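Chemist: Okay, so here is protein.cif, and as you'll see once you scroll down, it has mmCIF, C-alpha atoms.
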```
data_protein
loop_
_atom_site.label_atom_id
_atom_site.label_comp_id
_atom_site.auth_asym_id
_atom_site.auth_seq_id
_atom_site.Cartn_x
_atom_site.Cartn_y
_atom_site.Cartn_z
CA MET A 1 -1.95 0.30 19.50
CA GLY A 2 1.63 1.40 20.14
CA GLY A 3 2.86 -2.05 19.09
CA VAL A 4 0.94 -1.85 15.83
CA PHE A 5 2.38 1.60 15.09
CA HIS A 6 5.92 0.46 15.93
CA ASP A 7 5.74 -2.73 13.87
CA THR A 8 4.26 -0.83 10.91
CA PHE A 9 7.49 1.11 10.50
CA VAL A 10 10.07 -1.17 12.14
CA ALA A 11 10.33 -4.57 10.56
CA GLY A 12 11.12 -7.55 12.75
CA LEU A 13 11.21 -11.31 12.50
CA PRO A 14 8.60 -13.44 14.26
CA ALA A 15 9.68 -16.10 16.77
CA GLY A 16 11.25 -19.00 14.91
CA GLY A 17 13.34 -16.90 12.52
CA VAL A 18 13.52 -17.15 8.75
CA THR A 19 11.64 -20.37 8.08
CA THR A 20 10.48 -21.69 4.71
CA GLY A 21 6.91 -20.95 5.75
CA LEU A 22 7.74 -17.33 6.59
CA VAL A 23 9.51 -16.67 3.27
CA PHE A 24 6.68 -18.47 1.45
CA LEU A 25 4.21 -16.13 3.14
CA MET A 26 6.32 -13.00 2.51
CA VAL A 27 6.56 -13.77 -1.22
CA ALA A 28 2.80 -14.45 -1.21
CA ILE A 29 2.00 -11.11 0.46
CA VAL A 30 4.16 -9.12 -1.96
CA GLY A 31 2.86 -11.17 -4.89
CA THR A 32 -0.74 -10.46 -4.01
CA THR A 33 -0.17 -6.78 -3.17
CA ILE A 34 1.63 -5.88 -6.40
CA ALA A 35 0.13 -8.71 -8.44
CA PRO A 36 1.44 -9.13 -12.00
CA TRP A 37 -2.09 -9.49 -13.36
CA GLN A 38 -2.79 -5.98 -12.07
CA LEU A 39 -0.23 -4.56 -14.49
CA PHE A 40 -2.13 -6.11 -17.40
CA PHE A 41 -5.48 -5.21 -15.87
CA GLN A 42 -4.50 -1.56 -15.50
CA GLN A 43 -3.30 -1.32 -19.10
CA SER A 44 -6.37 -3.07 -20.49
CA CYS A 45 -8.71 -1.02 -18.33
CA VAL A 46 -7.19 2.26 -19.54
CA ALA A 47 -7.41 1.08 -23.16
CA ASP A 48 -10.96 -0.20 -22.71
CA LYS A 49 -12.14 3.11 -21.28
CA ARG A 50 -10.33 4.93 -24.12
CA LEU A 51 -8.67 7.24 -21.62
CA ARG A 52 -6.67 10.08 -23.12
CA PHE A 53 -3.43 11.79 -22.19
CA ALA A 54 -5.59 14.53 -20.65
CA HIS A 55 -6.91 11.95 -18.17
CA LEU A 56 -3.44 10.85 -17.05
CA ASN A 57 -3.35 12.78 -13.76
CA TRP A 58 -6.84 11.63 -12.76
CA SER A 59 -5.92 8.09 -13.72
CA ARG A 60 -2.80 8.28 -11.54
CA LEU A 61 -4.86 9.64 -8.64
CA ASP A 62 -7.32 6.80 -9.13
CA THR A 63 -4.49 4.25 -8.95
CA PHE A 64 -2.90 5.97 -5.95
CA LEU A 65 -6.16 6.05 -3.96
CA GLY A 66 -6.80 2.41 -4.85
CA ALA A 67 -3.31 1.44 -3.67
CA VAL A 68 -3.69 3.36 -0.38
CA PHE A 69 -7.11 1.82 0.27
CA THR A 70 -5.74 -1.66 -0.46
CA ILE A 71 -2.85 -1.24 1.97
CA VAL A 72 -5.10 0.17 4.71
CA VAL A 73 -7.52 -2.75 4.32
CA ALA A 74 -4.65 -5.28 4.29
CA GLY A 75 -3.25 -3.68 7.47
CA CYS A 76 -6.67 -3.92 9.16
CA MET A 77 -6.88 -7.61 8.21
CA MET A 78 -3.44 -8.23 9.70
CA ILE A 79 -4.45 -6.47 12.94
CA ALA A 80 -7.65 -8.55 13.06
CA GLY A 81 -5.61 -11.74 12.54
CA ASN A 82 -3.16 -10.71 15.27
CA THR A 83 -6.02 -9.92 17.70
CA SER A 84 -7.38 -13.37 17.03
CA LYS A 85 -3.98 -14.92 17.72
CA LEU A 86 -3.52 -12.95 20.97
CA HIS A 87 -6.86 -14.33 22.22
CA GLY A 88 -5.82 -17.86 21.34
CA LEU A 89 -8.44 -18.25 18.61
CA THR A 90 -7.85 -20.60 15.72
CA PHE A 91 -9.65 -20.08 12.44
CA SER A 92 -9.62 -21.70 9.03
CA ASP A 93 -11.38 -18.97 7.05
CA PRO A 94 -12.02 -15.22 7.38
CA ALA A 95 -15.77 -15.67 8.01
CA GLN A 96 -14.98 -17.76 11.08
CA LEU A 97 -12.43 -15.14 12.13
CA ALA A 98 -15.09 -12.42 11.91
CA HIS A 99 -17.56 -14.42 14.01
CA ASP A 100 -14.93 -15.34 16.63
CA LEU A 101 -13.77 -11.73 16.98
CA GLN A 102 -17.25 -10.35 17.60
CA PRO A 103 -17.20 -10.84 21.43
CA PHE A 104 -13.90 -8.89 21.67
CA ALA A 105 -14.19 -6.34 18.87
CA GLY A 106 -17.93 -5.80 18.49
CA GLU A 107 -20.52 -6.10 15.78
CA ALA A 108 -19.01 -3.36 13.60
CA VAL A 109 -15.72 -5.25 13.19
CA ARG A 110 -17.56 -8.50 12.42
CA SER A 111 -19.73 -6.83 9.77
CA GLY A 112 -16.74 -4.89 8.39
CA LEU A 113 -14.64 -8.02 7.98
CA LEU A 114 -17.46 -9.88 6.29
CA LEU A 115 -18.10 -6.95 3.93
CA LEU A 116 -14.40 -6.79 3.06
CA MET A 117 -14.43 -10.50 2.28
CA ILE A 118 -17.40 -10.02 -0.05
CA ASN A 119 -15.51 -7.14 -1.66
CA ALA A 120 -12.43 -9.34 -2.12
CA ALA A 121 -14.58 -12.13 -3.59
CA VAL A 122 -16.23 -9.78 -6.09
CA LEU A 123 -12.85 -8.32 -7.01
CA GLY A 124 -11.34 -11.78 -7.46
CA THR A 125 -14.27 -12.99 -9.53
CA THR A 126 -14.44 -10.02 -11.84
CA ALA A 127 -11.01 -8.41 -12.07
CA ILE A 128 -8.67 -11.38 -12.45
CA SER A 129 -10.89 -13.22 -14.94
CA LEU A 130 -11.45 -10.00 -16.83
CA SER A 131 -7.73 -9.32 -16.93
CA SER A 132 -7.16 -12.82 -18.37
CA ALA A 133 -9.89 -12.35 -20.97
CA TRP A 134 -8.52 -8.95 -22.02
CA ALA A 135 -4.95 -10.27 -22.28
CA TYR A 136 -5.98 -13.39 -24.20
CA GLY A 137 -8.19 -11.35 -26.52
CA GLU A 138 -5.25 -9.01 -27.17
CA VAL A 139 -2.93 -11.92 -28.00
CA LYS A 140 -5.47 -13.61 -30.27
CA GLY A 141 -6.46 -10.34 -31.97
CA TRP A 142 -10.12 -10.69 -31.00
CA PRO A 143 -12.39 -7.71 -30.38
CA HIS A 144 -12.08 -7.37 -26.61
CA SER A 145 -13.91 -4.61 -24.82
CA LEU A 146 -16.61 -4.36 -22.21
CA GLU A 147 -17.97 -1.46 -24.26
CA MET A 148 -18.87 -3.92 -27.01
CA PRO A 149 -22.11 -5.90 -27.05
CA LEU A 150 -21.95 -9.67 -26.64
CA SER A 151 -22.61 -10.23 -30.34
CA LYS A 152 -19.48 -8.30 -31.38
CA ALA A 153 -17.04 -9.82 -28.88
CA LYS A 154 -18.28 -13.37 -28.36
CA ASP A 155 -14.82 -14.94 -27.92
CA PHE A 156 -13.81 -12.31 -25.35
CA TYR A 157 -16.94 -12.78 -23.25
CA ALA A 158 -16.69 -16.58 -23.62
CA THR A 159 -13.10 -16.48 -22.28
CA TYR A 160 -14.29 -14.32 -19.38
CA VAL A 161 -17.08 -16.77 -18.51
CA VAL A 162 -14.73 -19.79 -18.82
CA CYS A 163 -12.21 -18.14 -16.46
CA VAL A 164 -14.90 -17.43 -13.85
CA ALA A 165 -16.31 -20.95 -14.23
CA LEU A 166 -12.86 -22.55 -13.85
CA ALA A 167 -12.20 -20.54 -10.68
CA ALA A 168 -15.62 -21.47 -9.25
CA ALA A 169 -15.10 -25.13 -10.16
CA THR A 170 -11.73 -25.16 -8.36
CA VAL A 171 -13.31 -23.76 -5.19
CA LEU A 172 -16.09 -26.34 -5.36
CA ILE A 173 -13.77 -29.38 -5.57
CA PRO A 174 -14.71 -31.42 -2.49
CA GLY A 175 -11.97 -31.37 0.15
CA ALA A 176 -9.66 -29.12 -1.88
CA PRO A 177 -7.02 -27.44 0.33
CA LEU A 178 -8.27 -23.94 -0.51
CA GLN A 179 -5.89 -22.02 1.76
CA LEU A 180 -2.89 -23.79 0.26
CA ILE A 181 -4.20 -23.18 -3.26
CA ILE A 182 -4.71 -19.46 -2.50
CA ILE A 183 -1.25 -19.00 -0.98
CA GLY A 184 0.35 -21.12 -3.73
CA VAL A 185 -1.18 -18.87 -6.39
CA GLN A 186 -0.04 -15.78 -4.49
CA VAL A 187 3.52 -17.12 -4.31
CA LEU A 188 3.37 -17.88 -8.03
CA ALA A 189 2.33 -14.25 -8.57
CA GLY A 190 5.25 -13.14 -6.38
CA ILE A 191 7.87 -15.04 -8.35
CA MET A 192 6.42 -13.99 -11.70
CA LEU A 193 6.18 -10.33 -10.70
CA PRO A 194 9.86 -9.37 -11.27
CA SER A 195 9.66 -10.73 -14.81
CA ALA A 196 6.50 -8.76 -15.56
CA ILE A 197 8.05 -5.58 -14.15
CA ILE A 198 11.25 -6.10 -16.17
CA PHE A 199 9.26 -6.16 -19.41
CA LEU A 200 7.30 -3.15 -18.19
CA GLN A 201 10.60 -1.42 -17.43
CA LEU A 202 11.84 -2.07 -20.98
CA LEU A 203 8.65 -0.52 -22.30
CA LEU A 204 8.61 2.42 -19.90
CA ASN A 205 12.20 3.35 -20.75
CA ASP A 206 11.62 3.23 -24.51
CA LYS A 207 11.66 6.86 -25.69
CA GLN A 208 10.50 5.87 -29.17
CA VAL A 209 7.24 4.56 -27.75
CA LEU A 210 6.60 6.98 -24.90
CA GLY A 211 8.42 10.12 -25.95
CA ASP A 212 10.38 12.40 -23.61
CA GLU A 213 7.33 13.47 -21.63
CA TYR A 214 6.08 10.05 -20.57
CA VAL A 215 9.27 7.99 -20.44
CA ASN A 216 10.24 6.76 -16.95
CA LYS A 217 11.84 9.27 -14.61
CA PRO A 218 14.87 8.18 -12.52
CA TRP A 219 12.79 7.80 -9.34
CA ASN A 220 10.36 5.51 -11.19
CA ASN A 221 13.28 3.29 -12.17
CA TRP A 222 14.63 3.27 -8.60
CA VAL A 223 11.28 2.12 -7.20
CA ASN A 224 10.79 -0.53 -9.89
CA TRP A 225 14.31 -1.93 -9.64
CA THR A 226 14.06 -2.04 -5.84
CA ILE A 227 10.88 -4.15 -6.10
CA ILE A 228 12.53 -6.41 -8.69
CA ILE A 229 15.70 -6.93 -6.63
CA VAL A 230 13.86 -7.51 -3.32
CA LEU A 231 11.56 -10.04 -4.95
CA PHE A 232 14.45 -11.82 -6.66
CA ILE A 233 16.24 -12.09 -3.31
CA LEU A 234 13.10 -13.41 -1.59
CA SER A 235 12.54 -15.88 -4.43
CA LEU A 236 16.10 -17.14 -4.19
CA ILE A 237 15.83 -17.53 -0.38
CA LEU A 238 12.59 -19.45 -0.92
CA ALA A 239 14.23 -21.67 -3.54
CA ALA A 240 17.20 -22.34 -1.26
CA GLN A 241 14.93 -23.21 1.67
CA VAL A 242 12.75 -25.57 -0.34
CA VAL A 243 15.87 -27.38 -1.55
CA ALA A 244 17.55 -27.25 1.90
CA PRO A 245 14.80 -26.72 4.55
CA ASN A 246 17.26 -26.31 7.45
CA LEU A 247 19.38 -23.67 5.74
CA PHE A 248 18.59 -20.96 8.29
CA PRO A 249 18.64 -22.26 11.87
CA ALA A 250 15.68 -21.27 14.04
CA ILE A 251 16.34 -18.32 16.35
CA MET B 1 -36.32 18.66 -21.20
CA GLY B 2 -37.28 15.12 -20.12
CA VAL B 3 -34.72 12.43 -19.31
CA MET B 4 -35.71 10.27 -22.29
CA ALA B 5 -35.24 13.22 -24.62
CA LEU B 6 -31.70 13.64 -23.29
CA LEU B 7 -30.93 9.97 -23.91
CA ARG B 8 -31.93 10.09 -27.56
CA PRO B 9 -29.11 10.48 -30.13
CA THR B 10 -28.58 14.18 -30.71
CA ALA B 11 -26.74 15.96 -33.49
CA ILE B 12 -23.83 17.84 -31.95
CA HIS B 13 -24.74 21.15 -33.64
CA SER B 14 -28.23 21.07 -32.16
CA VAL B 15 -26.93 21.19 -28.58
CA SER B 16 -27.10 24.58 -26.97
CA GLU B 17 -24.06 26.08 -25.25
CA ASP B 18 -25.43 25.58 -21.74
CA GLN B 19 -25.64 21.81 -22.20
CA PHE B 20 -22.99 19.09 -22.01
CA VAL B 21 -22.76 16.17 -24.37
CA VAL B 22 -21.66 12.72 -23.22
CA VAL B 23 -19.92 10.89 -26.04
CA HIS B 24 -19.76 7.10 -25.83
CA PRO B 25 -16.11 5.98 -25.86
CA LEU B 26 -16.65 3.81 -28.94
CA ASP B 27 -18.18 6.75 -30.83
CA ASP B 28 -15.42 9.15 -29.85
CA VAL B 29 -12.60 10.16 -32.18
CA ARG B 30 -9.51 8.09 -31.48
CA GLU B 31 -6.59 9.94 -29.94
CA GLU B 32 -3.47 9.78 -32.04
CA LYS B 33 -0.85 7.53 -30.47
CA VAL B 34 2.55 6.25 -31.58
CA ASP B 35 2.17 3.59 -34.26
CA THR B 36 4.07 0.80 -32.51
CA ALA B 37 3.73 -1.57 -35.47
CA SER B 38 5.91 0.71 -37.61
CA LEU B 39 8.67 0.80 -35.00
CA GLY B 40 9.64 -2.80 -35.72
CA ARG B 41 11.19 -5.10 -33.16
CA ILE B 42 12.62 -3.63 -29.97
CA SER B 43 16.39 -3.33 -30.19
CA MET B 44 18.26 -5.35 -27.57
CA THR B 45 21.92 -5.70 -26.75
CA THR B 46 23.49 -9.13 -26.37
CA SER B 47 23.52 -8.74 -22.59
CA ALA B 48 19.79 -7.93 -22.62
CA LYS B 49 19.12 -11.07 -24.68
CA ILE B 50 21.19 -13.22 -22.30
CA SER B 51 19.39 -11.66 -19.31
CA LEU B 52 16.02 -12.49 -20.81
CA MET B 53 17.11 -16.09 -21.44
CA ALA B 54 18.21 -16.28 -17.79
CA LEU B 55 14.84 -14.84 -16.77
CA ARG B 56 13.09 -17.56 -18.74
CA GLY B 57 15.15 -20.21 -16.93
CA TYR B 58 14.40 -18.56 -13.56
CA LEU B 59 10.67 -18.56 -14.28
CA VAL B 60 10.53 -22.21 -15.34
CA PHE B 61 12.67 -23.30 -12.37
CA MET B 62 10.75 -21.28 -9.78
CA MET B 63 7.34 -22.34 -11.10
CA LEU B 64 8.33 -25.99 -10.87
CA LEU B 65 9.80 -25.42 -7.41
CA VAL B 66 6.66 -23.70 -6.07
CA LEU B 67 4.51 -26.46 -7.58
CA TYR B 68 6.67 -29.10 -5.85
CA HIS B 69 6.53 -27.20 -2.54
CA VAL B 70 2.74 -26.77 -2.66
CA ILE B 71 2.27 -30.48 -3.44
CA ASP B 72 4.67 -31.27 -0.59
CA LEU B 73 2.74 -29.02 1.82
CA SER B 74 -0.54 -30.68 0.82
CA GLY B 75 0.92 -33.98 2.03
CA ALA B 76 0.50 -35.63 -1.37
CA LEU B 77 4.14 -36.75 -1.34
CA GLY B 78 3.55 -38.72 1.85
CA ARG B 79 5.96 -36.65 3.94
CA GLY B 80 5.16 -34.48 6.94
CA ALA B 81 4.58 -30.80 6.08
CA HIS B 82 7.44 -28.54 7.09
#
```
Starting from the coordinates I provided, produce the structure as structure tokens.

Modeler:
Amino acid sequence: MGGVFHDTFVAGLPAGGVTTGLVFLMVAIVGTTIAPWQLFFQQSCVADKRLRFAHLNWSRLDTFLGAVFTIVVAGCMMIAGNTSKLHGLTFSDPAQLAHDLQPFAGEAVRSGLLLLMINAAVLGTTAISLSSAWAYGEVKGWPHSLEMPLSKAKDFYATYVVCVALAAATVLIPGAPLQLIIIGVQVLAGIMLPSAIIFLQLLLNDKQVLGDEYVNKPWNNWVNWTIIIVLFILSLILAAQVVAPNLFPAI
Amino acid sequence: MGVMALLRPTAIHSVSEDQFVVVHPLDDVREEKVDTASLGRISMTTSAKISLMALRGYLVFMMLLVLYHVIDLSGALGRGAH
């Protein structure tokens, strides 16, 4: 427990040093934690629910609680993965991890992990496809709202269904390297994230659009630019390592 | 008052003061926001334009690089995975 607490606040490198695989995974973790699609999802969700300025504080609290919950769950998954590694278990999917951990961690951990996986699956199925359908509907100028009946927003719902079907079809491809596909998509999200935040930054610093009250405060800009710079650095390290795999010697 | 009676459309003036009215978002009056269409195109300095061009190049390069790396890791290129 002490080790978990220490490593939560003090970053360190795993044995082997800065390898291509490690940077690949770091970009993937950041890319899936602050995913670019979430920026579009959040905006579309607020617009779809017709939230008002009066709801801003509640909306922020909603986002904050969601972010905290996500990080706590991600931390628990990392601890579960580490426990598995310490006991010499090898697993290829989280369901197997949950079953293998049961003798050490008990039934509650097994059920909890499986429930979290179902939660992640539902989130992936609904939120990402919905975000795509909202964004595409916005670009094409279609009526795009979950508040609308199917008859009034056919193209929007059709796009939603196609996105879900495409994702399901990809998973069902026989012998598809699903873990690699998942991490590849997460890395793609990680390298696209700085670009998305830069455009968001341009918008959030535009006084004409947001007015003095809602325009970004200095601390907002500090946080956003830190994320952008860190991700750019990680992306560049990744690019350098893919081009020259032995750039950083193993420690 | 029964539940079904509450669900029926009700004229706002016929609701007594000790009751709340839930207004469907699509039936609600729109909140006035800044008309972004009238603002025209966002003004950008030359350095901002150059930065965005560089960003476009970065995105294309990195997407191709990640695609290459994922294909390489899958073993499709016939080399051992790193």

Chemist: Please report as JSON lines every residue of segment 28-80 of chain A lying within 12 Å of segment 23-43 of chain B, along with the nearest atom pair and their distance in Å (one decimal), using all atoms listed in the file.

Modeler:
```
{"residue": "A:Val46", "atom": "CA", "partner": "B:Pro25", "partner_atom": "CA", "distance": 11.5}
{"residue": "A:Ala47", "atom": "CA", "partner": "B:Pro25", "partner_atom": "CA", "distance": 10.3}
{"residue": "A:Asp48", "atom": "CA", "partner": "B:Pro25", "partner_atom": "CA", "distance": 8.6}
{"residue": "A:Lys49", "atom": "CA", "partner": "B:Pro25", "partner_atom": "CA", "distance": 6.7}
{"residue": "A:Arg50", "atom": "CA", "partner": "B:Pro25", "partner_atom": "CA", "distance": 6.1}
{"residue": "A:Leu51", "atom": "CA", "partner": "B:Pro25", "partner_atom": "CA", "distance": 8.7}
{"residue": "A:Arg52", "atom": "CA", "partner": "B:Glu31", "partner_atom": "CA", "distance": 6.8}
{"residue": "A:Phe53", "atom": "CA", "partner": "B:Glu31", "partner_atom": "CA", "distance": 8.6}
{"residue": "A:Ala54", "atom": "CA", "partner": "B:Glu31", "partner_atom": "CA", "distance": 10.4}
{"residue": "A:His55", "atom": "CA", "partner": "B:Glu31", "partner_atom": "CA", "distance": 11.9}
```

Chemist: Using all atoms listed in the file, select each residue of chain A with any atom at most 10 Å away from an atom of chain B, and give the selection as a ChimeraX atom specification.

Modeler: /A:19-21,24,48-53,145,147-148,176-177,180-181,183-185,187-189,191-192,194-195,198-199,202-203,206,208-211,232,235-236,238-239,242-243,245

Chemist: Would you write out those residues with C-alpha atoms, as a CSV table (one decimal), in the coordinates of the input?

Modeler:
```
chain,number,residue,atom,x,y,z
A,19,THR,CA,11.6,-20.4,8.1
A,20,THR,CA,10.5,-21.7,4.7
A,21,GLY,CA,6.9,-21.0,5.8
A,24,PHE,CA,6.7,-18.5,1.4
A,48,ASP,CA,-11.0,-0.2,-22.7
A,49,LYS,CA,-12.1,3.1,-21.3
A,50,ARG,CA,-10.3,4.9,-24.1
A,51,LEU,CA,-8.7,7.2,-21.6
A,52,ARG,CA,-6.7,10.1,-23.1
A,53,PHE,CA,-3.4,11.8,-22.2
A,145,SER,CA,-13.9,-4.6,-24.8
A,147,GLU,CA,-18.0,-1.5,-24.3
A,148,MET,CA,-18.9,-3.9,-27.0
A,176,ALA,CA,-9.7,-29.1,-1.9
A,177,PRO,CA,-7.0,-27.4,0.3
A,180,LEU,CA,-2.9,-23.8,0.3
A,181,ILE,CA,-4.2,-23.2,-3.3
A,183,ILE,CA,-1.2,-19.0,-1.0
A,184,GLY,CA,0.4,-21.1,-3.7
A,185,VAL,CA,-1.2,-18.9,-6.4
A,187,VAL,CA,3.5,-17.1,-4.3
A,188,LEU,CA,3.4,-17.9,-8.0
A,189,ALA,CA,2.3,-14.2,-8.6
A,191,ILE,CA,7.9,-15.0,-8.4
A,192,MET,CA,6.4,-14.0,-11.7
A,194,PRO,CA,9.9,-9.4,-11.3
A,195,SER,CA,9.7,-10.7,-14.8
A,198,ILE,CA,11.2,-6.1,-16.2
A,199,PHE,CA,9.3,-6.2,-19.4
A,202,LEU,CA,11.8,-2.1,-21.0
A,203,LEU,CA,8.6,-0.5,-22.3
A,206,ASP,CA,11.6,3.2,-24.5
A,208,GLN,CA,10.5,5.9,-29.2
A,209,VAL,CA,7.2,4.6,-27.8
A,210,LEU,CA,6.6,7.0,-24.9
A,211,GLY,CA,8.4,10.1,-26.0
A,232,PHE,CA,14.4,-11.8,-6.7
A,235,SER,CA,12.5,-15.9,-4.4
A,236,LEU,CA,16.1,-17.1,-4.2
A,238,LEU,CA,12.6,-19.4,-0.9
A,239,ALA,CA,14.2,-21.7,-3.5
A,242,VAL,CA,12.8,-25.6,-0.3
A,243,VAL,CA,15.9,-27.4,-1.6
A,245,PRO,CA,14.8,-26.7,4.6
```

Chemist: Could you check how far atom CA of Val164 of chain A sits from atom CA of Leu123 of chain A, in Å to one decimal?

Modeler: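 Here the two named atoms are 11.6 Å from each other.
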
Chemist: If I take atom CA of Lys85 of chain A and atom CA of Pro103 of chain A, how far is one from the other in Å, to one decimal?

Modeler: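 Separation between atom CA of Lys85 of chain A and atom CA of Pro103 of chain A: 14.3 Å.
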
Chemist: Please enumerate the residues selected by the PyMOL selection byres ((chain A and resi 93) around 12) when evaluated against the supplied file, formatted as a ChimeraX atom specification.

Modeler: /A:81,89-92,94-100,113-114,117,177-180,182

Chemist: Write the selection just made, keeping C-alpha atoms, as a PDB file, keeping the file's coordinate frame?

Modeler:
```pdb
ATOM      1  CA  GLY A  81      -5.610 -11.740  12.540  1.00  0.00           C
ATOM      2  CA  LEU A  89      -8.440 -18.250  18.610  1.00  0.00           C
ATOM      3  CA  THR A  90      -7.850 -20.600  15.720  1.00  0.00           C
ATOM      4  CA  PHE A  91      -9.650 -20.080  12.440  1.00  0.00           C
ATOM      5  CA  SER A  92      -9.620 -21.700   9.030  1.00  0.00           C
ATOM      6  CA  PRO A  94     -12.020 -15.220   7.380  1.00  0.00           C
ATOM      7  CA  ALA A  95     -15.770 -15.670   8.010  1.00  0.00           C
ATOM      8  CA  GLN A  96     -14.980 -17.760  11.080  1.00  0.00           C
ATOM      9  CA  LEU A  97     -12.430 -15.140  12.130  1.00  0.00           C
ATOM     10  CA  ALA A  98     -15.090 -12.420  11.910  1.00  0.00           C
ATOM     11  CA  HIS A  99     -17.560 -14.420  14.010  1.00  0.00           C
ATOM     12  CA  ASP A 100     -14.930 -15.340  16.630  1.00  0.00           C
ATOM     13  CA  LEU A 113     -14.640  -8.020   7.980  1.00  0.00           C
ATOM     14  CA  LEU A 114     -17.460  -9.880   6.290  1.00  0.00           C
ATOM     15  CA  MET A 117     -14.430 -10.500   2.280  1.00  0.00           C
ATOM     16  CA  PRO A 177      -7.020 -27.440   0.330  1.00  0.00           C
ATOM     17  CA  LEU A 178      -8.270 -23.940  -0.510  1.00  0.00           C
ATOM     18  CA  GLN A 179      -5.890 -22.020   1.760  1.00  0.00           C
ATOM     19  CA  LEU A 180      -2.890 -23.790   0.260  1.00  0.00           C
ATOM     20  CA  ILE A 182      -4.710 -19.460  -2.500  1.00  0.00           C
TER      21      ILE A 182
END
```

Chemist: Between atom CA of Asp7 of chain A and atom CA of Phe69 of chain A, measure the distance and give it in Å to one decimal.

Modeler: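 Pair atom CA of Asp7 of chain A / atom CA of Phe69 of chain A returns 19.3 Å.
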
Chemist: Give me the residues near segment 218-221 of chain A as a list of chain:residue names, where near means some atom within 12 Å (using all atoms listed in the file) and where sequence neighbours in that chain fewer than 4 positions away do not count.

Modeler: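 The filter keeps A:Ile197, A:Ile198, A:Leu200, A:Gln201, A:Leu202, A:Leu203, A:Leu204, A:Asn205, A:Tyr214, A:Trp225, A:Thr226, A:Ile227, A:Ile228, A:Ile229.
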
Chemist: If we draw a sphere of 10 Å around (-9.6, -8.5, -15.3), which residues have at least one atom in it when counting all atoms listed in the file? Please report them as a count of residues only.

Modeler: 21

Chemist: Please provide the set of residues having any atom within 8 Å of Trp142 of chain A, restricted to all atoms listed in the file, with same-chain residues fewer than 5 positions apart removed, written as a list of chain:residue names.

Modeler: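 Residues meeting the cut-off are A:Gly137, A:Ala153, A:Asp155, A:Phe156.
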